[in-house]
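Engineer: Have a look at the structure that comes next, please.
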Amino acid sequence: TYMLSDCSSLQSLPAGMTLASVTNATQMLSGCSSLQSLPAGMTLGAVTAASGMLSDCSSLQSLPAGMTLGAVTDASGMFYDCSSLQSLPAGMTLASVINAGYMLANCTSLQSLPAGMTLASVTNASYMFYSSTSLQSLPAGMTLGAATDASYMFYSCTSLQSLPAGMTLAACTTTTSAFSGCTSLQAADGLAFPESFSIASCNFGAAALDALYTALPTVTGKTITVTGNPGTSGDDPSIATAKGWTVAGS
């Protein structure tokens, strides 16, 4: 743990460094703000604990093609503040991750995610994509079906335009500011939050709001806030109110 952390002048690692047997990579290489790349053979395939592993590596632009991190269960803060990271390896599905809090927060250059990334095991998704301002889309199969905490999950993801049709987030019980600042978000057809939540000041048209209302589950005493969306003058909030929701802002 904490191996090579805060080595702010470190620009590269030896070509043969694989760390193949490491299981606990907590805070490893964190704060290495000058590190631009990792050795091609560094897959970290045995790592299970990766909390804060490459956090604050603000010059890191890419990861080795074979790095899947398939055994990682704790990815909290793993790439936090990797502001130059543009993409993740195609095979990185993070299928075993349970804790993804702050995992890709402030990755301001990241535009998309690997097609196979479903994050189906994640329960803690709080702050997961916080202020990843260049993220435009999510993989079609990303459901986050086990996530219970979605607080600040997509906060200030200003380029995100839609959520995958299969992303219902139906298990979430904490939804605070999940979509605050998502000014480009215009579609979330499958979203079925069972708790009060807000999409205020997003970009939903009337048809998109009606599709969202249609997907909502039947509840008692919950509120969906839609203030500031362009479709609020032509939507049909009775679709939601018939299922126990109060629609604020329409």
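Going by the structure tokens order, chains are called A, B, ..., each with residues numbered from 1, while ligands are numbered from 1 in the order shown.
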What are the nearest atom pairs, with distances in Å to one decimal, for all residues of range 107-181 of chain A that come at most 12 Å from range 53-77 of chain A, using only C-alpha atoms, set out by chain and rising residue number as JSON lines?

Structural biologist:
```
{"residue": "A:Cys107", "atom": "CA", "partner": "A:Ser58", "partner_atom": "CA", "distance": 8.9}
{"residue": "A:Thr108", "atom": "CA", "partner": "A:Ser58", "partner_atom": "CA", "distance": 10.1}
{"residue": "A:Ser109", "atom": "CA", "partner": "A:Gln61", "partner_atom": "CA", "distance": 8.8}
{"residue": "A:Leu110", "atom": "CA", "partner": "A:Gln61", "partner_atom": "CA", "distance": 9.4}
{"residue": "A:Pro114", "atom": "CA", "partner": "A:Thr68", "partner_atom": "CA", "distance": 10.5}
{"residue": "A:Gly116", "atom": "CA", "partner": "A:Thr68", "partner_atom": "CA", "distance": 11.0}
{"residue": "A:Met117", "atom": "CA", "partner": "A:Thr68", "partner_atom": "CA", "distance": 10.4}
{"residue": "A:Leu119", "atom": "CA", "partner": "A:Thr73", "partner_atom": "CA", "distance": 10.8}
{"residue": "A:Ala120", "atom": "CA", "partner": "A:Thr73", "partner_atom": "CA", "distance": 11.8}
{"residue": "A:Ser121", "atom": "CA", "partner": "A:Thr73", "partner_atom": "CA", "distance": 8.8}
{"residue": "A:Val122", "atom": "CA", "partner": "A:Thr73", "partner_atom": "CA", "distance": 8.7}
{"residue": "A:Thr123", "atom": "CA", "partner": "A:Thr73", "partner_atom": "CA", "distance": 10.7}
{"residue": "A:Asn124", "atom": "CA", "partner": "A:Ser76", "partner_atom": "CA", "distance": 8.8}
{"residue": "A:Ala125", "atom": "CA", "partner": "A:Ser76", "partner_atom": "CA", "distance": 9.1}
{"residue": "A:Ser126", "atom": "CA", "partner": "A:Ser76", "partner_atom": "CA", "distance": 9.5}
{"residue": "A:Tyr127", "atom": "CA", "partner": "A:Gly77", "partner_atom": "CA", "distance": 9.2}
{"residue": "A:Met128", "atom": "CA", "partner": "A:Gly77", "partner_atom": "CA", "distance": 8.2}
{"residue": "A:Phe129", "atom": "CA", "partner": "A:Gly77", "partner_atom": "CA", "distance": 10.3}
{"residue": "A:Tyr130", "atom": "CA", "partner": "A:Gly77", "partner_atom": "CA", "distance": 10.9}
```

Engineer: May I have the residues from that selection written out with N, CA and C atoms, as a CSV table (one decimal), in the first residue's frame?

Structural biologist:
```csv
chain,number,residue,atom,x,y,z
A,107,CYS,N,-12.4,13.3,-13.8
A,107,CYS,CA,-11.6,12.9,-15.0
A,107,CYS,C,-12.2,13.8,-16.1
A,108,THR,N,-11.7,15.0,-16.2
A,108,THR,CA,-12.3,16.0,-17.1
A,108,THR,C,-12.0,15.8,-18.6
A,109,SER,N,-11.1,14.9,-18.9
A,109,SER,CA,-10.8,14.6,-20.3
A,109,SER,C,-11.4,13.3,-20.8
A,110,LEU,N,-12.0,12.5,-20.0
A,110,LEU,CA,-12.6,11.2,-20.3
A,110,LEU,C,-13.9,11.4,-21.1
A,114,PRO,N,-15.5,1.9,-21.8
A,114,PRO,CA,-15.4,0.6,-22.6
A,114,PRO,C,-16.8,0.0,-22.8
A,116,GLY,N,-18.0,-2.9,-22.7
A,116,GLY,CA,-18.4,-4.0,-21.9
A,116,GLY,C,-18.5,-3.7,-20.4
A,117,MET,N,-18.4,-2.4,-20.1
A,117,MET,CA,-18.4,-2.0,-18.7
A,117,MET,C,-19.9,-1.8,-18.2
A,119,LEU,N,-20.7,-2.5,-14.7
A,119,LEU,CA,-20.6,-2.2,-13.3
A,119,LEU,C,-21.8,-2.8,-12.5
A,120,ALA,N,-22.1,-4.0,-12.9
A,120,ALA,CA,-23.3,-4.7,-12.3
A,120,ALA,C,-23.2,-5.0,-10.9
A,121,SER,N,-22.0,-5.1,-10.3
A,121,SER,CA,-21.8,-5.4,-8.9
A,121,SER,C,-21.7,-4.2,-8.0
A,122,VAL,N,-21.6,-3.0,-8.5
A,122,VAL,CA,-21.4,-1.8,-7.7
A,122,VAL,C,-22.6,-1.5,-6.9
A,123,THR,N,-22.4,-1.3,-5.6
A,123,THR,CA,-23.4,-0.8,-4.7
A,123,THR,C,-23.2,0.6,-4.3
A,124,ASN,N,-22.0,1.1,-4.1
A,124,ASN,CA,-21.7,2.5,-3.8
A,124,ASN,C,-21.2,3.2,-5.1
A,125,ALA,N,-22.1,4.0,-5.6
A,125,ALA,CA,-21.8,4.7,-6.9
A,125,ALA,C,-21.7,6.2,-6.6
A,126,SER,N,-21.6,6.6,-5.3
A,126,SER,CA,-21.6,8.0,-5.0
A,126,SER,C,-20.4,8.7,-5.6
A,127,TYR,N,-20.6,9.9,-6.2
A,127,TYR,CA,-19.5,10.7,-6.7
A,127,TYR,C,-18.8,10.0,-7.8
A,128,MET,N,-19.3,8.9,-8.4
A,128,MET,CA,-18.5,8.0,-9.3
A,128,MET,C,-18.0,8.8,-10.5
A,129,PHE,N,-18.8,9.6,-11.1
A,129,PHE,CA,-18.4,10.3,-12.3
A,129,PHE,C,-18.4,11.8,-12.1
A,130,TYR,N,-18.4,12.2,-10.8
A,130,TYR,CA,-18.5,13.6,-10.4
A,130,TYR,C,-17.6,14.5,-11.3
```

Engineer: Would you write out, as a Markdown table, a table of all residues in range 19-120 of chain A that have an atom no more than 12 Å from an atom of range 148-151 of chain A, listing for each the closest atom pair and the distance in Å to one decimal, considering only C-alpha atoms and ordering rows by chain and rising residue number?

Structural biologist:
```
| residue | atom | partner | partner_atom | distance |
| --- | --- | --- | --- | --- |
| A:Ile98 | CA | A:Thr148 | CA | 10.8 |
| A:Asn99 | CA | A:Asp149 | CA | 10.1 |
| A:Ala100 | CA | A:Asp149 | CA | 10.1 |
| A:Gly101 | CA | A:Asp149 | CA | 9.0 |
| A:Tyr102 | CA | A:Ser151 | CA | 10.6 |
| A:Ala120 | CA | A:Thr148 | CA | 11.8 |
```

Engineer: Compare A:Asp189, A:Glu195, A:Asp236, A:Asp6 by their minimum atom-to-atom distance to Thr220 in chain A, counting only C-alpha atoms, and give me the closest one.

Structural biologist: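 That would be A:Glu195, the residue with the smallest distance to Thr220 in chain A.
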
Engineer: Find the residue from A:Met153, A:Ala115, A:Ala40, A:Val22 that sits nearest to Thr174 in chain A; use only C-alpha atoms when measuring.

Structural biologist: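 For Thr174 in chain A, the nearest of the given residues is A:Met153.
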
Engineer: Leaving out Ala208 in chain A and any residue of its chain fewer than 6 positions from it, which residues lie within 10 Å of it when counting only C-alpha atoms, given as JSON, numbers by chain?

Structural biologist: {"A": [186, 187, 188, 189, 214, 231, 235]}

Engineer: Would you mind writing down, as number ranges by chain, each residue of range 17-250 of chain A that DSSP on the backbone assigns to alpha helix (DSSP H)?

Structural biologist: A: 206-215, 238-241

Engineer: Would you list the contacts of Thr232 in chain A as a PyMOL selection string, taking every protein, DNA or RNA residue within 9 Å and counting only C-alpha atoms, but skipping same-chain residues closer than 3 positions in sequence?

Structural biologist: chain A and resi 204-206+209+226-229+235-237+249-250

Engineer: Would you mind reading off the distance between CA of Asn106 in chain A and CA of Gly31 in chain A, one decimal, in Å?

Structural biologist: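 It comes out at 14.2 Å.
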
Engineer: I'd like the contact shell of Ser137 in chain A - 10 Å cut-off, only C-alpha atoms, skipping same-chain residues fewer than 6 positions apart - returned as a VMD selection string.

Structural biologist: chain A and resid 111 to 113 159 to 164 185

Engineer: Using only C-alpha atoms, which residues sit within 8 Å of Ser8 in chain A once same-chain residues fewer than 4 positions away are excluded, as a PyMOL selection string?

Structural biologist: chain A and resi 31-35

Engineer: Between A:Ser12, A:Ser51, A:Ala46, A:Thr246, which residue has the minimum interatomic distance to Thr26 in chain A, considering only C-alpha atoms?

Structural biologist: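 Of A:Ser12, A:Ser51, A:Ala46, A:Thr246, the one nearest Thr26 in chain A, counting only C-alpha atoms, is A:Ser51.
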
Engineer: At what distance in Å, to one decimal, does CA of Gly45 in chain A lie from CA of Ala15 in chain A?

Structural biologist: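 These atoms are spaced 17.0 Å apart.
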
Engineer: Kindly indicate which residue among A:Thr225, A:Ser30, A:Thr43, A:Met142 lies nearest to Met17 in chain A, using only C-alpha atoms for the distances.

Structural biologist: A:Thr43
